[in-house]
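What follows is a single structure, written as structure tokens, with notes after it.
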Amino acid sequence: MSAFKELTKGFFKENPVFVLALGLCPTLAVTSLVEKGIGMGLAATFVLVCSNVLIALIRKMVPKKIRIPIFIVIIATFVVIVELVMKAYLPPLSEALGIFIPLIVVNCIILGRAEAFAQNHSVGKSFLDGLGMGLGFTIALVIISSIREIIGFGTFLGLPVFGEGYQPATILILQPGAFLTIGFLLGFFAWRRNRKKNKTMPDVEALRAQREKMTQVTREAA
Amino acid sequence: MSYGVKLILLFVGAVFVNNFVLMRFLGLCPYLGVSKQTDSAVGMGMAVIFVMFLASVFTWLIYRFVLIPLDLTWMRTIFFILVIASLVQTVEIVMQKSMPGLYKSLGIYLPLITTNCAVLGLTVLNIDKSYDFVESLVHSVGAGVGFTLALVLMAGLRERMEVGNVPKAMRGLPIAFVTAGLMSIAFLGFAGLIPG
């Protein structure tokens, strides 16, 4: 895969939130305002890039059996750096994001990329993968927070979007709005995927068989 | 307000008003992953209550008696995640040896809990809100009960949704999120339960 594709696959095709459905807790919690979404996205991108690069650097020295604890300690170290820097230079943002800054440690996107990519790819590729996935996460947060802020507050980054007479639908910036927005967005992306698949592969029977099989697998897993 | 009343309010608040899943968005992965059947939802809920309680005990003691005296409070994220991970491992081993019955019913959920942000979130919240030891314990049990409540309710709904005629694109996660949104609206109604 070319370097450019390695970087851009995280934007839409393998978007961590909309396609892989990873990292959902911060996605829902910090998207009531666009600033918070951007801040969280960039913080996670920093941790993701640094941990991906470091893990790719030491990948040949790490014993397979204890790799997960090692990865977690590496990730936690970078999270502490972000936590302290943000507290020192951006105190309002750090306060707004609250416990979700330390919780970047358990964001499944980061450990997922370490496990699925960085531990068996070169440093350069891991850097691009981390950057792409991080920006993909940021894009997702910006999309969700834009929808919520514009409808729920009538503003975008604090600037009024509609005229004075606009009655904001406050429910969207409250907790239920997060669930509803992401529910419908995931539905939209699934619909788009289905349509694309149908165009390239008109064999509906095969799809149905696949669906049956997947349902069975998930049922068994549950 | 007496200390006892404060504890009761803290408990009720953690279960309903600040429900971990529906109001604080913590622990969504297991919430959506293990809520397909009521039985497994109950098992997961019990395992989470248990681990949350133990994690609160240990992290509070470590924070108060190790990190504060050594002036290492900025390291708490690293310490807490390590404590939780090793705690879950230990509980798994001990349970397997001494309580095979319980292990059979809860064991499979234990590894999932290490990366459950609800547990780390709870321990960080305990410190951020500067709860004392007893308050931390009450808060942890309340949070666990609230998580279980949301999980079991969701599992009941999803069992019925299996037979419903959901549009193709909305099947699975999307409809689960919309359902969670509606539940969250219902839980907003508890907001007035706690004064202040």
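Chain labels follow the order of the structure tokens: the first chain is A, the next B, and so on; residue numbering restarts at 1 in every chain, and ligands are counted from 1 in their shown order.
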Mind running chain B against chain A at 8 Å and telling me each contacting residue's nearest atom pair with the distance in Å (one decimal), counting only C-alpha atoms, chain and number ascending, as a tab-separated table?
```
residue	atom	partner	partner_atom	distance
B:Leu22	CA	A:Gln175	CA	7.3
B:Met23	CA	A:Gln175	CA	6.0
B:Arg24	CA	A:Ala29	CA	7.0
B:Phe25	CA	A:Cys25	CA	5.4
B:Leu26	CA	A:Cys25	CA	5.8
B:Gly27	CA	A:Cys25	CA	6.9
B:Leu28	CA	A:Cys25	CA	5.9
B:Cys29	CA	A:Leu24	CA	7.3
B:Val34	CA	A:Ala222	CA	6.6
B:Lys36	CA	A:Ala222	CA	6.8
B:Gln37	CA	A:Ala222	CA	7.4
B:Ser40	CA	A:Ala222	CA	7.6
B:Trp74	CA	A:Val80	CA	7.4
B:Met75	CA	A:Val80	CA	7.0
B:Thr77	CA	A:Pro102	CA	6.1
B:Ile78	CA	A:Ala76	CA	5.4
B:Leu82	CA	A:Val73	CA	7.8
B:Thr115	CA	A:Val106	CA	5.5
B:Asn116	CA	A:Val106	CA	7.1
B:Cys117	CA	A:Val106	CA	5.8
B:Leu120	CA	A:Leu103	CA	7.1
B:Gly121	CA	A:Leu103	CA	6.6
B:Val124	CA	A:Ile99	CA	6.9
B:Leu125	CA	A:Ile99	CA	7.1
B:Lys168	CA	A:Trp191	CA	7.8
B:Ala169	CA	A:Trp191	CA	4.7
B:Met170	CA	A:Gly187	CA	4.8
B:Arg171	CA	A:Gly187	CA	7.9
B:Leu173	CA	A:Gly183	CA	7.3
B:Pro174	CA	A:Gly183	CA	4.3
B:Ile175	CA	A:Gly183	CA	6.3
B:Ala176	CA	A:Gly183	CA	7.3
B:Phe177	CA	A:Gly183	CA	4.7
B:Val178	CA	A:Leu180	CA	4.9
B:Ala180	CA	A:Phe179	CA	6.3
B:Gly181	CA	A:Pro176	CA	4.5
B:Leu182	CA	A:Pro176	CA	6.8
B:Met183	CA	A:Pro176	CA	7.9
B:Ser184	CA	A:Pro176	CA	5.1
B:Ile185	CA	A:Pro176	CA	5.6
```
Original post:
So which residues touch B:Trp60 within 12 Å, counting only C-alpha atoms, skipping near sequence neighbours fewer than 3 positions away, as an MDAnalysis selection string?
Top reply: chainID B and resid 52:57 63:68 73 76 79:80 83:84 122:128 130:137 140
Original post:
When distances are computed from only C-alpha atoms, which of A:Met61, A:Val34, A:Val53, A:Leu135 shows the smallest separation from A:Thr8?
Top reply: A:Leu135
Subject >> Who sits within 9 Å of B:Met46, only C-alpha atoms, same chain under 2 positions skipped, as a list of chain:residue names >> reply: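 Close residues of B:Met46: B:Ala41, B:Val42, B:Gly43, B:Met44, B:Val48, B:Ile49, B:Phe50, B:Val51, B:Leu106, B:Gly144, B:Val145, B:Thr148.
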**OP:** Write down as an MDAnalysis selection string the residues of stretch 9-66 of chain A whose backbone DSSP state falls under alpha helix (DSSP H).
**Re:** chainID A and resid 24:29 34:57
Those same residues, written as a short mmCIF file (atom, residue, chain, number, x, y, z; two decimals), in the first residue's frame with N, CA, C and O atoms?
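Written out: again-v3.cif:
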```
data_model
loop_
_atom_site.label_atom_id
_atom_site.label_comp_id
_atom_site.auth_asym_id
_atom_site.auth_seq_id
_atom_site.Cartn_x
_atom_site.Cartn_y
_atom_site.Cartn_z
N LEU A 24 -15.84 4.95 21.42
CA LEU A 24 -17.15 5.60 21.45
C LEU A 24 -17.38 6.48 22.67
O LEU A 24 -18.08 7.49 22.58
N CYS A 25 -16.78 6.11 23.82
CA CYS A 25 -17.07 6.90 25.03
C CYS A 25 -16.66 8.37 24.86
O CYS A 25 -17.49 9.26 25.02
N PRO A 26 -15.39 8.66 24.50
CA PRO A 26 -15.04 10.07 24.31
C PRO A 26 -15.83 10.70 23.18
O PRO A 26 -16.20 11.87 23.25
N THR A 27 -16.11 9.90 22.13
CA THR A 27 -16.85 10.45 21.00
C THR A 27 -18.17 11.05 21.45
O THR A 27 -18.58 12.11 21.00
N LEU A 28 -18.85 10.36 22.35
CA LEU A 28 -20.14 10.87 22.80
C LEU A 28 -19.98 11.97 23.83
O LEU A 28 -20.74 12.92 23.87
N ALA A 29 -18.96 11.82 24.68
CA ALA A 29 -18.90 12.71 25.84
C ALA A 29 -18.40 14.11 25.52
O ALA A 29 -18.80 15.06 26.17
N VAL A 34 -17.87 22.26 19.33
CA VAL A 34 -16.85 21.93 18.33
C VAL A 34 -15.44 22.07 18.91
O VAL A 34 -14.57 21.23 18.65
N GLU A 35 -15.21 23.09 19.76
CA GLU A 35 -13.87 23.25 20.34
C GLU A 35 -13.44 22.01 21.12
O GLU A 35 -12.30 21.57 21.02
N LYS A 36 -14.39 21.48 21.90
CA LYS A 36 -14.07 20.30 22.70
C LYS A 36 -13.74 19.12 21.80
O LYS A 36 -12.82 18.35 22.06
N GLY A 37 -14.51 18.99 20.70
CA GLY A 37 -14.25 17.90 19.77
C GLY A 37 -12.87 17.99 19.17
O GLY A 37 -12.12 17.01 19.13
N ILE A 38 -12.49 19.21 18.73
CA ILE A 38 -11.16 19.38 18.12
C ILE A 38 -10.07 19.10 19.15
O ILE A 38 -9.10 18.39 18.89
N GLY A 39 -10.24 19.65 20.36
CA GLY A 39 -9.23 19.45 21.41
C GLY A 39 -9.02 17.99 21.71
O GLY A 39 -7.88 17.50 21.76
N MET A 40 -10.12 17.25 21.88
CA MET A 40 -10.02 15.83 22.17
C MET A 40 -9.38 15.09 21.01
O MET A 40 -8.51 14.24 21.21
N GLY A 41 -9.78 15.43 19.78
CA GLY A 41 -9.25 14.75 18.60
C GLY A 41 -7.75 14.93 18.49
O GLY A 41 -7.01 13.97 18.27
N LEU A 42 -7.28 16.18 18.70
CA LEU A 42 -5.83 16.41 18.56
C LEU A 42 -5.06 15.76 19.69
O LEU A 42 -3.97 15.21 19.47
N ALA A 43 -5.61 15.79 20.91
CA ALA A 43 -4.92 15.13 22.03
C ALA A 43 -4.77 13.64 21.74
O ALA A 43 -3.68 13.07 21.91
N ALA A 44 -5.85 13.02 21.26
CA ALA A 44 -5.78 11.58 20.96
C ALA A 44 -4.83 11.31 19.81
O ALA A 44 -4.09 10.33 19.82
N THR A 45 -4.81 12.21 18.81
CA THR A 45 -3.90 12.04 17.67
C THR A 45 -2.45 12.05 18.13
O THR A 45 -1.65 11.21 17.73
N PHE A 46 -2.13 13.00 19.02
CA PHE A 46 -0.76 13.07 19.54
C PHE A 46 -0.37 11.76 20.21
O PHE A 46 0.68 11.17 19.92
N VAL A 47 -1.23 11.27 21.11
CA VAL A 47 -0.92 10.03 21.82
C VAL A 47 -0.80 8.87 20.84
O VAL A 47 0.11 8.04 20.93
N LEU A 48 -1.70 8.84 19.87
CA LEU A 48 -1.71 7.74 18.90
C LEU A 48 -0.43 7.72 18.07
O LEU A 48 0.20 6.67 17.89
N VAL A 49 -0.01 8.90 17.57
CA VAL A 49 1.20 8.96 16.75
C VAL A 49 2.41 8.55 17.57
O VAL A 49 3.20 7.70 17.17
N CYS A 50 2.55 9.14 18.78
CA CYS A 50 3.73 8.85 19.60
C CYS A 50 3.78 7.38 19.99
O CYS A 50 4.82 6.74 19.90
N SER A 51 2.65 6.83 20.43
CA SER A 51 2.69 5.44 20.89
C SER A 51 2.92 4.51 19.70
O SER A 51 3.68 3.55 19.81
N ASN A 52 2.32 4.81 18.54
CA ASN A 52 2.55 3.98 17.37
C ASN A 52 4.03 3.95 17.00
O ASN A 52 4.59 2.89 16.73
N VAL A 53 4.68 5.14 16.99
CA VAL A 53 6.08 5.21 16.60
C VAL A 53 6.95 4.46 17.61
O VAL A 53 7.79 3.63 17.23
N LEU A 54 6.71 4.70 18.90
CA LEU A 54 7.54 4.05 19.92
C LEU A 54 7.36 2.53 19.89
O LEU A 54 8.34 1.77 19.99
N ILE A 55 6.13 2.09 19.72
CA ILE A 55 5.88 0.64 19.71
C ILE A 55 6.51 0.01 18.47
O ILE A 55 7.09 -1.08 18.54
N ALA A 56 6.45 0.72 17.33
CA ALA A 56 7.09 0.18 16.14
C ALA A 56 8.61 0.12 16.32
O ALA A 56 9.26 -0.81 15.85
N LEU A 57 9.17 1.10 17.05
CA LEU A 57 10.62 1.12 17.29
C LEU A 57 11.06 -0.08 18.11
O LEU A 57 12.10 -0.69 17.84
#
```
Subject >> One-decimal distance in Å that lies between atom CA of B:Tyr31 and atom CA of B:Phe190 >> reply: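 Here the two named atoms are 20.4 Å from each other.
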